[in-house]
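The structure under discussion appears below in the form of structure tokens.
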2 protein chains.
Amino acid sequence: MTTAVHPLDKDDPLAHKRAAFHIPANTIYLDGNSLGLMAPSVHERVNQALRHEWGDDVITSWNKHGWIDLPVTVGNKIGRLIGAPEGRTICCDSTSINLFKVLCAALQINQGRQEILSTEDNFPTDLYMVQGIEQLLGERCTLRLVSEDSLLQSINENTAAVLVTEVNFRTGRRLPMAHLSERARKLGALTIVDLAHSAGALPVHLEANDIDFAVGCTYKYFNAGPGAPAFLYVAKRHLDAQTQPLQPLYGWLGHAAPFAFAVDYAPAQGIRQFLTGTPPVLSLVAVDAALDLFADVSMHDVRNKSIGLANYWLECMDKHHLLAEMPSISPAHAEERGSQLAFQHEQAYAICQALIADGVIADFRAPEYLRIGFAPLYNSYAEVESAVQRLAKIMQEKRYLNPKFQQRNQVT
Amino acid sequence: MTTAVHPLDKDDPLAHKRAAFHIPANTIYLDGNSLGLMAPSVHERVNQALRHEWGDDVITSWNKHGWIDLPVTVGNKIGRLIGAPEGRTICCDSTSINLFKVLCAALQINQGRQEILSTEDNFPTDLYMVQGIEQLLGERCTLRLVSEDSLLQSINENTAAVLVTEVNFRTGRRLPMAHLSERARKLGALTIVDLAHSAGALPVHLEANDIDFAVGCTYKYFNAGPGAPAFLYVAKRHLDAQTQPLQPLYGWLGHAAPFAFAVDYAPAQGIRQFLTGTPPVLSLVAVDAALDLFADVSMHDVRNKSIGLANYWLECMDKHHLLAEMPSISPAHAEERGSQLAFQHEQAYAICQALIADGVIADFRAPEYLRIGFAPLYNSYAEVESAVQRLAKIMQEKRYLNPKFQQRNQVT
């Protein structure tokens, strides 16, 4: 990178946010869609929780430092970034566990319908969770998979819920939530949206789009740290209509009176009933602090920059004549994409390894895609320019043929 | 406390471990059975994970720093402290979620039997989790509750599994695991043991006692921090007999090949199939570091000191003539107790608050019990002596009648 500021960075209203993150030395990090970077303010907050809250105040911190309310207070901070009013979002457990809760809730609410309709190319864990419920509930649940293109017309009178990830984890294709919701509602199906690649990357309008349930992850664009607790959203109509517990993982923290230690479960009012066990506080305060970095940020600016970075990446690749050799499998129109691009090449794995060796962290997705994530809060246009230059050199030199880049690791 | 070393502490082979913990200023902490104290080595380890692993190495840490294997490596460290051979124990999720997994596994293995037999005074969340499964599975699962005294003779030919917490969370009563296991096996029932108040407090022999499944918590006697990930144990015979997935929470990290992103779930071999989603790494490295404090400790010494501290507490209360006014509800024989004592008094809540105000952290359990936990790694005999002196003064002065101690908080 040159010392002169890239002209596109000069005009970037989010350019100042980069300073809030720890940028690893000699690294261009384009994998924020797998794991966001650490901000020193998050580090400091976790330190504080360790030293003063757990260390000095120990058990009294559940009251004194509001640990007991963290799933709700952090949930509300997330809610503001995904178009959810107060009291609809909670931060807890993993995305998979939360998906189990809302899938069971949907099947219960839409009793008489068995089908969970999803896309063949949905993130596998989402499909696995439905397969687990199929095994558990037998004929009360059936998973049906269709292509993204035929999803809307595949909804029928037996569809209990449509389960989609808004942004495809491989291609970055963004599915139209408003259309989906309208069509599903018309046919009596509920909507469950996985926001793993949306939350923190683009504006989400859960309430406005009349989505029934959503889940999502905080360790990607929310930068909350590896495996940080996930979130879960429930539409008001379901919380209000509660006549029995909405989800089957009846843990004590979802009880109406957890410290009464009553023998019988009685769900808490509202979103709190979606809690199960005791939350991992150290990881949860990291989410809390990470979200504060969004406090002065408009999701409109985030989206604009995300599109700007991706378009600039394509422009640079075009300039280096790379797009014929490794074509994009992402939608051509920016509005139809999330905050990533993916490129097909039979050597994608080795190309990714060669990039990493050259200080550009991207990732590989099976079977043969190089995935580039753009995190608008810390990525710069200068990084994009430099990363594509390095990619061009790797391709030109066929550096990916080096045997050391061909060897597969467990995680990429 | 006097500056001279208490004679009982002088003879304590674990006395040196206290220095490994951060002891909050002016505090006698007798609530390690709710949340163990922080050790600076744990703080340092989490800092390391924040600064160098997440901060510098970001996504590459999943391989480079073994994050992907943490549930298994940490699980094995726990296994050594609960009588489990390598590869039977995993660290993940909350105790409640793990209980759901093993309850479903037991019902599947023991198909044709519907009953989960448990005790009326089991920790409520354990019972709630069964109630959730009852709601989900209908007649395929029924919870039956009996008294602790009649548990063994209540097992019958419809009992799929007996679910017990080894040490009662209120009374501290320890149930005989070997007898339970033998009786259950004879009648074809499986055993599920919650080790929340056992792990780290007393020797546990899961394999030797032929227990089928166990779950437990790491934030009590393992000192791993608030809401730290829980653990789960499965007997070898069930892992070996696997013909289909053993548990229904099919998450991607329990898949045989998580990074192949296949559409269909195929469980990993062995204990790894009990994983679901991505684990909270910051909380998990805290467990890892906390367990290292047990590396040079014999659980036999831990048990001896636990009994020593409790007996000395009773002796001191007797000396102050407190036992008539607030009788112990814990078993008289130390062998029949865990590492805590509980005392009944109609003002137990206010007495607990008065103790806390006087620097003694104990806890209250509804409806009217004062609970005293002994953590053999950091509690001292001098602390016991001093705490009982303060309790005696509070009782003598009826300080608990002060209105400020009567006001109820959410968490105690």
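Identifiers in this document derive from the order of the structure tokens: chains are assigned A, B, ..., residues are numbered from 1 separately in each chain, and ligands are numbered from 1 in order of occurrence.
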Inset, instruction - Considering only C-alpha atoms, return as a PyMOL selection string whatever protein or nucleic-acid residues lie within 9 Å of stretch 338-341 of chain B, sequence-local ones (same chain, fewer than 3 positions apart) excluded. - result: chain B and resi 33+166-174+197-198+201-202+303+306-307+309-310+313-314+328-331+334-335+370-376
Those residues you just picked out, can you put them in a file as a short mmCIF file (atom, residue, chain, number, x, y, z; two decimals), in the first residue's frame with C-alpha atoms?
data_model
loop_
_atom_site.label_atom_id
_atom_site.label_comp_id
_atom_site.auth_asym_id
_atom_site.auth_seq_id
_atom_site.Cartn_x
_atom_site.Cartn_y
_atom_site.Cartn_z
CA ASN B 33 -20.88 -23.61 44.41
CA GLU B 166 -25.48 -36.35 42.35
CA VAL B 167 -25.40 -33.56 44.94
CA ASN B 168 -28.68 -31.84 45.80
CA PHE B 169 -28.39 -28.10 45.10
CA ARG B 170 -30.26 -27.14 48.27
CA THR B 171 -29.39 -29.70 50.91
CA GLY B 172 -26.03 -30.84 49.61
CA ARG B 173 -27.13 -34.46 49.95
CA ARG B 174 -25.06 -36.78 47.83
CA HIS B 197 -22.22 -29.76 42.34
CA SER B 198 -19.79 -32.69 42.06
CA ALA B 201 -15.57 -30.78 44.40
CA LEU B 202 -15.27 -34.52 44.92
CA ARG B 303 -12.57 -34.21 49.03
CA SER B 306 -14.05 -30.19 51.58
CA ILE B 307 -15.14 -32.45 54.41
CA LEU B 309 -14.00 -27.30 56.01
CA ALA B 310 -17.64 -28.35 56.38
CA TRP B 313 -18.00 -24.96 60.00
CA LEU B 314 -20.44 -27.17 61.94
CA SER B 328 -28.66 -27.88 59.17
CA ILE B 329 -30.79 -29.53 56.49
CA SER B 330 -27.72 -31.30 55.10
CA PRO B 331 -26.91 -34.94 55.91
CA ALA B 334 -19.91 -36.09 55.64
CA GLU B 335 -19.79 -39.01 53.19
CA LEU B 370 -28.80 -20.26 53.82
CA ARG B 371 -26.32 -22.11 51.65
CA ILE B 372 -22.61 -22.24 52.40
CA GLY B 373 -20.26 -23.59 49.75
CA PHE B 374 -16.73 -24.79 50.40
CA ALA B 375 -14.22 -24.53 47.57
CA PRO B 376 -11.25 -26.62 48.69
#
How would chain A read as a short mmCIF file (atom, residue, chain, number, x, y, z; two decimals) with C-alpha atoms, in the first residue's frame once least-squares superposed on chain B using all paired C-alpha atoms?
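To be explicit, this is the file written out as result37.cif:
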data_model
loop_
_atom_site.label_atom_id
_atom_site.label_comp_id
_atom_site.auth_asym_id
_atom_site.auth_seq_id
_atom_site.Cartn_x
_atom_site.Cartn_y
_atom_site.Cartn_z
CA MET A 1 -8.68 -12.86 60.52
CA THR A 2 -5.52 -12.96 62.58
CA THR A 3 -2.12 -12.80 60.99
CA ALA A 4 -1.07 -16.07 62.60
CA VAL A 5 -1.76 -19.05 60.36
CA HIS A 6 -4.71 -21.13 61.57
CA PRO A 7 -3.40 -24.52 62.73
CA LEU A 8 -5.79 -26.37 60.41
CA ASP A 9 -4.51 -24.35 57.45
CA LYS A 10 -0.95 -25.19 58.43
CA ASP A 11 -1.71 -28.86 57.92
CA ASP A 12 -3.67 -28.37 54.71
CA PRO A 13 -1.92 -29.96 51.69
CA LEU A 14 -3.95 -27.68 49.37
CA ALA A 15 -3.23 -24.45 51.26
CA HIS A 16 -0.80 -23.25 48.57
CA LYS A 17 -3.50 -23.31 45.87
CA ARG A 18 -5.22 -20.27 47.39
CA ALA A 19 -2.44 -18.08 46.00
CA ALA A 20 -3.45 -19.05 42.47
CA PHE A 21 -6.75 -17.17 42.84
CA HIS A 22 -7.72 -13.54 43.03
CA ILE A 23 -9.33 -13.25 46.46
CA PRO A 24 -11.63 -10.21 46.46
CA ALA A 25 -10.59 -7.64 49.05
CA ASN A 26 -12.15 -7.92 52.53
CA THR A 27 -14.23 -10.86 51.42
CA ILE A 28 -14.77 -14.39 52.63
CA TYR A 29 -16.18 -16.08 49.56
CA LEU A 30 -18.33 -19.11 50.37
CA ASP A 31 -20.28 -19.24 47.14
CA GLY A 32 -17.95 -21.26 44.95
CA ASN A 33 -20.87 -23.60 44.39
CA SER A 34 -22.58 -20.79 42.46
CA LEU A 35 -19.61 -19.15 40.77
CA GLY A 36 -15.97 -20.00 41.45
CA LEU A 37 -13.34 -17.29 41.91
CA MET A 38 -11.18 -15.98 39.10
CA ALA A 39 -7.57 -17.06 38.86
CA PRO A 40 -5.13 -14.55 37.33
CA SER A 41 -3.86 -17.36 35.09
CA VAL A 42 -7.34 -17.60 33.58
CA HIS A 43 -7.41 -13.85 33.07
CA GLU A 44 -4.02 -14.04 31.35
CA ARG A 45 -5.13 -16.91 29.10
CA VAL A 46 -8.24 -15.04 27.95
CA ASN A 47 -6.10 -11.96 27.34
CA GLN A 48 -3.78 -14.05 25.23
CA ALA A 49 -6.71 -15.40 23.22
CA LEU A 50 -7.99 -11.88 22.69
CA ARG A 51 -4.74 -10.16 21.84
CA HIS A 52 -2.73 -12.77 19.97
CA GLU A 53 -5.16 -15.41 18.81
CA TRP A 54 -8.25 -13.47 17.78
CA GLY A 55 -6.46 -10.11 17.49
CA ASP A 56 -3.41 -11.07 15.43
CA ASP A 57 -4.15 -14.44 13.90
CA VAL A 58 -7.91 -13.99 13.53
CA ILE A 59 -9.52 -16.75 11.46
CA THR A 60 -6.29 -18.78 11.15
CA SER A 61 -6.51 -19.46 14.90
CA TRP A 62 -9.08 -22.18 14.28
CA ASN A 63 -6.14 -24.27 13.10
CA LYS A 64 -3.10 -22.44 14.42
CA HIS A 65 -4.27 -22.27 18.03
CA GLY A 66 -6.43 -25.39 18.00
CA TRP A 67 -9.76 -23.61 18.51
CA ILE A 68 -11.52 -26.24 16.42
CA ASP A 69 -10.43 -28.97 18.85
CA LEU A 70 -11.05 -27.04 22.08
CA PRO A 71 -14.37 -28.77 22.89
CA VAL A 72 -12.54 -32.11 22.76
CA THR A 73 -9.23 -31.10 24.38
CA VAL A 74 -11.00 -29.25 27.19
CA GLY A 75 -13.47 -32.13 27.45
CA ASN A 76 -10.60 -34.55 27.98
CA LYS A 77 -9.16 -32.35 30.75
CA ILE A 78 -12.55 -32.47 32.46
CA GLY A 79 -12.75 -36.20 31.83
CA ARG A 80 -9.62 -36.81 33.90
CA LEU A 81 -11.35 -35.17 36.89
CA ILE A 82 -14.61 -37.13 36.63
CA GLY A 83 -13.30 -40.63 36.01
CA ALA A 84 -13.78 -40.62 32.25
CA PRO A 85 -11.27 -42.05 29.74
CA GLU A 86 -10.18 -39.91 26.76
CA GLY A 87 -12.77 -39.23 24.13
CA ARG A 88 -15.89 -39.53 26.27
CA THR A 89 -16.31 -35.93 27.42
CA ILE A 90 -16.89 -32.75 25.46
CA CYS A 91 -17.10 -29.12 26.57
CA CYS A 92 -19.81 -27.07 24.86
CA ASP A 93 -23.14 -25.25 25.20
CA SER A 94 -24.94 -24.92 28.54
CA THR A 95 -25.76 -27.69 31.00
CA SER A 96 -29.43 -27.40 29.99
CA ILE A 97 -28.73 -27.81 26.26
CA ASN A 98 -26.41 -30.73 26.95
CA LEU A 99 -29.08 -32.32 29.11
CA PHE A 100 -31.50 -32.06 26.20
CA LYS A 101 -29.03 -33.93 24.01
CA VAL A 102 -28.46 -36.79 26.43
CA LEU A 103 -32.14 -37.07 27.39
CA CYS A 104 -33.04 -37.45 23.72
CA ALA A 105 -30.18 -39.93 23.27
CA ALA A 106 -31.44 -42.00 26.21
CA LEU A 107 -35.02 -42.04 24.92
CA GLN A 108 -33.76 -43.11 21.51
CA ILE A 109 -31.51 -45.86 22.85
CA ASN A 110 -34.19 -47.14 25.21
CA GLN A 111 -36.99 -46.95 22.65
CA GLY A 112 -40.23 -48.44 23.86
CA ARG A 113 -39.76 -46.97 27.33
CA GLN A 114 -41.22 -43.54 27.98
CA GLU A 115 -40.37 -42.62 31.50
CA ILE A 116 -37.71 -40.24 32.73
CA LEU A 117 -37.54 -40.84 36.46
CA SER A 118 -36.16 -38.08 38.64
CA THR A 119 -36.35 -36.58 42.09
CA GLU A 120 -38.82 -33.93 43.24
CA ASP A 121 -35.97 -31.87 44.56
CA ASN A 122 -33.73 -32.07 41.51
CA PHE A 123 -32.39 -28.76 40.22
CA PRO A 124 -35.41 -27.25 38.43
CA THR A 125 -33.74 -26.65 35.06
CA ASP A 126 -33.13 -30.38 34.80
CA LEU A 127 -36.83 -31.02 35.29
CA TYR A 128 -37.79 -28.18 32.94
CA MET A 129 -35.71 -29.71 30.16
CA VAL A 130 -37.64 -32.98 30.53
CA GLN A 131 -40.94 -31.07 30.59
CA GLY A 132 -39.93 -29.42 27.30
CA ILE A 133 -39.29 -32.85 25.78
CA GLU A 134 -42.64 -34.09 27.10
CA GLN A 135 -44.32 -31.19 25.31
CA LEU A 136 -42.34 -31.87 22.14
CA LEU A 137 -42.63 -35.66 22.01
CA GLY A 138 -46.04 -36.18 23.63
CA GLU A 139 -46.56 -39.72 24.89
CA ARG A 140 -43.04 -40.76 23.92
CA CYS A 141 -41.75 -39.06 27.09
CA THR A 142 -43.15 -38.80 30.61
CA LEU A 143 -41.47 -37.28 33.62
CA ARG A 144 -42.11 -38.99 36.96
CA LEU A 145 -40.86 -37.42 40.17
CA VAL A 146 -40.28 -39.25 43.41
CA SER A 147 -38.49 -38.49 46.65
CA GLU A 148 -34.75 -39.04 46.88
CA ASP A 149 -35.36 -41.81 49.39
CA SER A 150 -37.64 -43.77 47.11
CA LEU A 151 -35.70 -43.23 43.90
CA LEU A 152 -34.01 -46.62 43.67
CA GLN A 153 -37.12 -48.66 44.32
CA SER A 154 -39.12 -46.52 41.88
CA ILE A 155 -37.19 -47.62 38.82
CA ASN A 156 -39.37 -49.96 36.78
CA GLU A 157 -39.66 -51.65 33.39
CA ASN A 158 -40.94 -48.45 31.79
CA THR A 159 -38.06 -46.28 33.01
CA ALA A 160 -36.01 -45.20 30.02
CA ALA A 161 -33.58 -43.24 32.17
CA VAL A 162 -33.04 -42.12 35.72
CA LEU A 163 -32.03 -38.46 35.85
CA VAL A 164 -30.34 -37.34 39.04
CA THR A 165 -28.10 -34.59 40.26
CA GLU A 166 -25.48 -36.34 42.34
CA VAL A 167 -25.41 -33.56 44.94
CA ASN A 168 -28.68 -31.83 45.79
CA PHE A 169 -28.39 -28.10 45.10
CA ARG A 170 -30.26 -27.14 48.27
CA THR A 171 -29.39 -29.72 50.90
CA GLY A 172 -26.02 -30.84 49.60
CA ARG A 173 -27.14 -34.45 49.96
CA ARG A 174 -25.07 -36.78 47.83
CA LEU A 175 -26.86 -39.70 46.23
CA PRO A 176 -25.06 -43.05 45.89
CA MET A 177 -24.08 -43.31 42.23
CA ALA A 178 -22.82 -46.90 42.32
CA HIS A 179 -26.06 -48.21 43.82
CA LEU A 180 -28.15 -46.18 41.45
CA SER A 181 -26.25 -47.39 38.42
CA GLU A 182 -26.41 -51.02 39.51
CA ARG A 183 -30.12 -50.90 40.21
CA ALA A 184 -30.91 -49.03 36.97
CA ARG A 185 -28.85 -51.43 34.87
CA LYS A 186 -30.58 -54.42 36.43
CA LEU A 187 -33.96 -53.01 35.39
CA GLY A 188 -32.85 -51.92 31.94
CA ALA A 189 -32.89 -48.19 32.70
CA LEU A 190 -30.14 -45.80 31.67
CA THR A 191 -28.51 -43.32 34.06
CA ILE A 192 -28.08 -39.59 33.45
CA VAL A 193 -26.14 -37.78 36.13
CA ASP A 194 -25.89 -34.02 36.57
CA LEU A 195 -22.51 -33.28 38.11
CA ALA A 196 -23.11 -29.55 38.65
CA HIS A 197 -22.22 -29.75 42.35
CA SER A 198 -19.79 -32.68 42.07
CA ALA A 199 -17.29 -31.87 39.32
CA GLY A 200 -14.21 -30.29 40.86
CA ALA A 201 -15.57 -30.77 44.39
CA LEU A 202 -15.27 -34.50 44.92
CA PRO A 203 -13.98 -37.62 43.17
CA VAL A 204 -16.36 -38.79 40.44
CA HIS A 205 -16.07 -42.22 38.83
CA LEU A 206 -18.27 -42.20 35.75
CA GLU A 207 -16.66 -45.14 33.97
CA ALA A 208 -16.13 -47.22 37.11
CA ASN A 209 -19.72 -46.62 38.19
CA ASP A 210 -20.98 -47.53 34.74
CA ILE A 211 -22.91 -44.29 34.30
CA ASP A 212 -24.47 -43.88 30.83
CA PHE A 213 -24.57 -40.11 30.48
CA ALA A 214 -23.46 -37.14 32.51
CA VAL A 215 -23.60 -33.37 32.19
CA GLY A 216 -22.12 -30.68 34.35
CA CYS A 217 -21.07 -27.16 34.77
CA THR A 218 -17.62 -25.55 34.78
CA TYR A 219 -18.35 -22.24 36.46
CA LYS A 220 -18.76 -23.61 39.98
CA TYR A 221 -15.91 -25.71 41.38
CA PHE A 222 -13.94 -25.58 38.12
CA ASN A 223 -13.74 -21.77 38.40
CA ALA A 224 -14.09 -21.19 34.66
CA GLY A 225 -16.06 -17.96 34.78
CA PRO A 226 -19.69 -16.87 34.62
CA GLY A 227 -21.76 -19.02 32.29
CA ALA A 228 -18.68 -20.84 30.99
CA PRO A 229 -19.48 -23.72 28.62
CA ALA A 230 -20.75 -26.90 30.23
CA PHE A 231 -19.73 -30.50 29.62
CA LEU A 232 -21.28 -33.76 28.58
CA TYR A 233 -20.15 -37.36 29.01
CA VAL A 234 -21.26 -40.46 27.11
CA ALA A 235 -20.35 -44.06 27.97
CA LYS A 236 -18.27 -45.91 25.41
CA ARG A 237 -20.92 -48.53 24.68
CA HIS A 238 -23.27 -45.88 23.29
CA LEU A 239 -20.62 -44.16 21.20
CA ASP A 240 -19.50 -47.50 19.80
CA ALA A 241 -23.01 -48.72 19.02
CA GLN A 242 -23.82 -45.68 16.94
CA THR A 243 -25.91 -46.61 13.90
CA GLN A 244 -27.68 -43.28 13.62
CA PRO A 245 -27.03 -39.88 15.17
CA LEU A 246 -27.33 -40.19 18.94
CA GLN A 247 -28.78 -36.74 19.57
CA PRO A 248 -31.12 -34.49 17.58
CA LEU A 249 -29.31 -31.14 17.67
CA TYR A 250 -27.52 -31.77 14.37
CA GLY A 251 -25.18 -28.81 14.13
CA TRP A 252 -22.37 -28.42 11.65
CA LEU A 253 -19.59 -28.93 14.21
CA GLY A 254 -21.03 -32.36 15.03
CA HIS A 255 -20.84 -33.34 11.36
CA ALA A 256 -18.32 -35.95 10.20
CA ALA A 257 -16.90 -33.39 7.73
CA PRO A 258 -18.01 -29.89 8.76
CA PHE A 259 -16.07 -28.13 6.04
CA ALA A 260 -17.35 -30.27 3.20
CA PHE A 261 -20.64 -28.36 3.57
CA ALA A 262 -22.64 -31.39 2.47
CA VAL A 263 -26.42 -31.04 2.39
CA ASP A 264 -27.06 -34.15 4.50
CA TYR A 265 -26.10 -34.56 8.10
CA ALA A 266 -23.71 -37.38 8.94
CA PRO A 267 -22.56 -37.51 12.55
CA ALA A 268 -18.89 -37.40 13.47
CA GLN A 269 -17.44 -40.48 15.10
CA GLY A 270 -17.35 -40.59 18.85
CA ILE A 271 -18.10 -37.80 21.28
CA ARG A 272 -17.73 -35.03 18.68
CA GLN A 273 -21.21 -35.83 17.35
CA PHE A 274 -22.56 -34.21 20.51
CA LEU A 275 -21.36 -30.83 19.28
CA THR A 276 -23.87 -28.52 17.64
CA GLY A 277 -22.87 -24.96 16.76
CA THR A 278 -19.67 -22.92 16.95
CA PRO A 279 -18.40 -22.77 20.55
CA PRO A 280 -17.77 -19.45 22.37
CA VAL A 281 -13.97 -19.53 22.20
CA LEU A 282 -13.23 -16.78 24.75
CA SER A 283 -15.29 -18.59 27.36
CA LEU A 284 -13.87 -21.95 26.32
CA VAL A 285 -10.21 -20.93 26.73
CA ALA A 286 -11.17 -19.75 30.22
CA VAL A 287 -12.33 -23.28 31.01
CA ASP A 288 -9.10 -24.64 29.57
CA ALA A 289 -6.93 -22.43 31.77
CA ALA A 290 -9.10 -22.92 34.86
CA LEU A 291 -8.73 -26.70 34.61
CA ASP A 292 -4.96 -26.38 34.64
CA LEU A 293 -5.23 -25.39 38.29
CA PHE A 294 -6.27 -28.99 38.96
CA ALA A 295 -3.25 -30.47 37.18
CA ASP A 296 -1.23 -31.01 40.38
CA VAL A 297 -4.17 -31.66 42.68
CA SER A 298 -5.50 -34.99 43.89
CA MET A 299 -9.30 -35.17 44.02
CA HIS A 300 -8.81 -37.24 47.17
CA ASP A 301 -7.16 -34.22 48.83
CA VAL A 302 -9.92 -31.98 47.49
CA ARG A 303 -12.57 -34.21 49.04
CA ASN A 304 -10.73 -34.44 52.36
CA LYS A 305 -10.44 -30.70 52.60
CA SER A 306 -14.06 -30.19 51.57
CA ILE A 307 -15.14 -32.46 54.41
CA GLY A 308 -12.66 -30.79 56.76
CA LEU A 309 -14.00 -27.30 56.02
CA ALA A 310 -17.65 -28.36 56.38
CA ASN A 311 -17.05 -30.22 59.62
CA TYR A 312 -15.13 -27.28 61.00
CA TRP A 313 -18.00 -24.98 60.01
CA LEU A 314 -20.44 -27.19 61.96
CA GLU A 315 -18.05 -27.32 64.90
CA CYS A 316 -17.79 -23.51 64.96
CA MET A 317 -21.56 -23.12 64.70
CA ASP A 318 -21.98 -25.56 67.54
CA LYS A 319 -19.48 -23.60 69.63
CA HIS A 320 -21.55 -20.45 69.03
CA HIS A 321 -24.81 -22.34 69.81
CA LEU A 322 -26.23 -21.54 66.37
CA LEU A 323 -27.42 -24.97 65.31
CA ALA A 324 -30.64 -25.00 67.30
CA GLU A 325 -31.74 -21.66 65.90
CA MET A 326 -30.80 -22.46 62.31
CA PRO A 327 -30.64 -26.23 61.94
CA SER A 328 -28.66 -27.89 59.18
CA ILE A 329 -30.78 -29.55 56.50
CA SER A 330 -27.71 -31.31 55.10
CA PRO A 331 -26.90 -34.93 55.89
CA ALA A 332 -25.10 -35.39 59.20
CA HIS A 333 -22.53 -37.79 57.75
CA ALA A 334 -19.90 -36.09 55.64
CA GLU A 335 -19.78 -39.00 53.18
CA GLU A 336 -23.41 -38.34 52.31
CA ARG A 337 -22.79 -34.68 51.46
CA GLY A 338 -21.28 -32.75 48.60
CA SER A 339 -19.18 -29.67 49.33
CA GLN A 340 -21.83 -27.47 50.89
CA LEU A 341 -24.07 -27.09 53.91
CA ALA A 342 -27.51 -25.55 54.13
CA PHE A 343 -29.29 -24.13 57.15
CA GLN A 344 -32.94 -23.45 57.66
CA HIS A 345 -34.24 -20.18 59.09
CA GLU A 346 -37.34 -18.21 58.21
CA GLN A 347 -35.11 -15.13 57.91
CA ALA A 348 -32.55 -16.96 55.77
CA TYR A 349 -32.78 -14.40 52.97
CA ALA A 350 -32.10 -11.43 55.27
CA ILE A 351 -29.40 -13.32 57.18
CA CYS A 352 -27.66 -13.95 53.87
CA GLN A 353 -27.87 -10.24 52.99
CA ALA A 354 -26.48 -9.27 56.40
CA LEU A 355 -23.60 -11.71 55.90
CA ILE A 356 -22.86 -10.23 52.47
CA ALA A 357 -22.87 -6.73 53.98
CA ASP A 358 -20.34 -8.02 56.47
CA GLY A 359 -18.06 -9.39 53.75
CA VAL A 360 -19.17 -13.02 53.80
CA ILE A 361 -20.57 -14.13 50.46
CA ALA A 362 -22.96 -17.03 50.94
CA ASP A 363 -26.23 -17.60 49.14
CA PHE A 364 -29.90 -18.04 49.72
CA ARG A 365 -32.06 -20.74 48.22
CA ALA A 366 -35.82 -20.57 48.31
CA PRO A 367 -37.83 -20.95 50.40
CA GLU A 368 -35.69 -20.44 53.52
CA TYR A 369 -32.20 -21.83 53.28
CA LEU A 370 -28.81 -20.26 53.81
CA ARG A 371 -26.34 -22.12 51.64
CA ILE A 372 -22.61 -22.24 52.40
CA GLY A 373 -20.27 -23.59 49.74
CA PHE A 374 -16.73 -24.79 50.40
CA ALA A 375 -14.23 -24.53 47.56
CA PRO A 376 -11.26 -26.61 48.68
CA LEU A 377 -8.86 -24.95 46.26
CA TYR A 378 -9.13 -21.50 47.81
CA ASN A 379 -11.18 -21.54 51.02
CA SER A 380 -9.28 -21.72 54.31
CA TYR A 381 -10.10 -22.87 57.81
CA ALA A 382 -9.38 -19.36 59.03
CA GLU A 383 -12.12 -18.08 56.72
CA VAL A 384 -14.56 -20.59 58.15
CA GLU A 385 -13.78 -19.55 61.70
CA SER A 386 -14.13 -15.87 60.89
CA ALA A 387 -17.32 -16.31 58.86
CA VAL A 388 -19.07 -18.21 61.64
CA GLN A 389 -18.00 -15.52 64.15
CA ARG A 390 -19.67 -12.93 61.96
CA LEU A 391 -22.77 -15.08 61.52
CA ALA A 392 -22.99 -15.49 65.30
CA LYS A 393 -22.83 -11.72 65.76
CA ILE A 394 -25.54 -11.14 63.15
CA MET A 395 -27.80 -13.66 64.86
CA GLN A 396 -27.08 -12.31 68.31
CA GLU A 397 -27.83 -8.74 67.25
CA LYS A 398 -30.78 -9.85 65.09
CA ARG A 399 -29.21 -7.65 62.44
CA TYR A 400 -31.27 -9.44 59.76
CA LEU A 401 -34.33 -7.51 60.90
CA ASN A 402 -32.87 -4.38 59.33
CA PRO A 403 -35.28 -3.51 56.48
CA LYS A 404 -32.43 -3.08 53.99
CA PHE A 405 -31.63 -6.79 54.34
CA GLN A 406 -35.25 -7.78 53.81
CA GLN A 407 -35.55 -6.28 50.35
CA ARG A 408 -35.38 -8.91 47.61
CA ASN A 409 -33.09 -8.71 44.63
CA GLN A 410 -33.53 -10.60 41.41
CA VAL A 411 -30.49 -12.81 41.94
CA THR A 412 -29.02 -13.75 45.29
#
Inset, instruction - Using backbone DSSP assignments, extract all alpha helix (DSSP H) residues from stretch 69-245 of chain B; output them as a ChimeraX atom specification. - result: /B:70-81,95-109,124-137,151-154,177-186,236-240
Legend entry - Secondary structure check, strand (DSSP E) residues of stretch 132-234 of chain A, as an MDAnalysis selection string: chainID A and resid 142:146 159:165 190:194 213:216 230:234
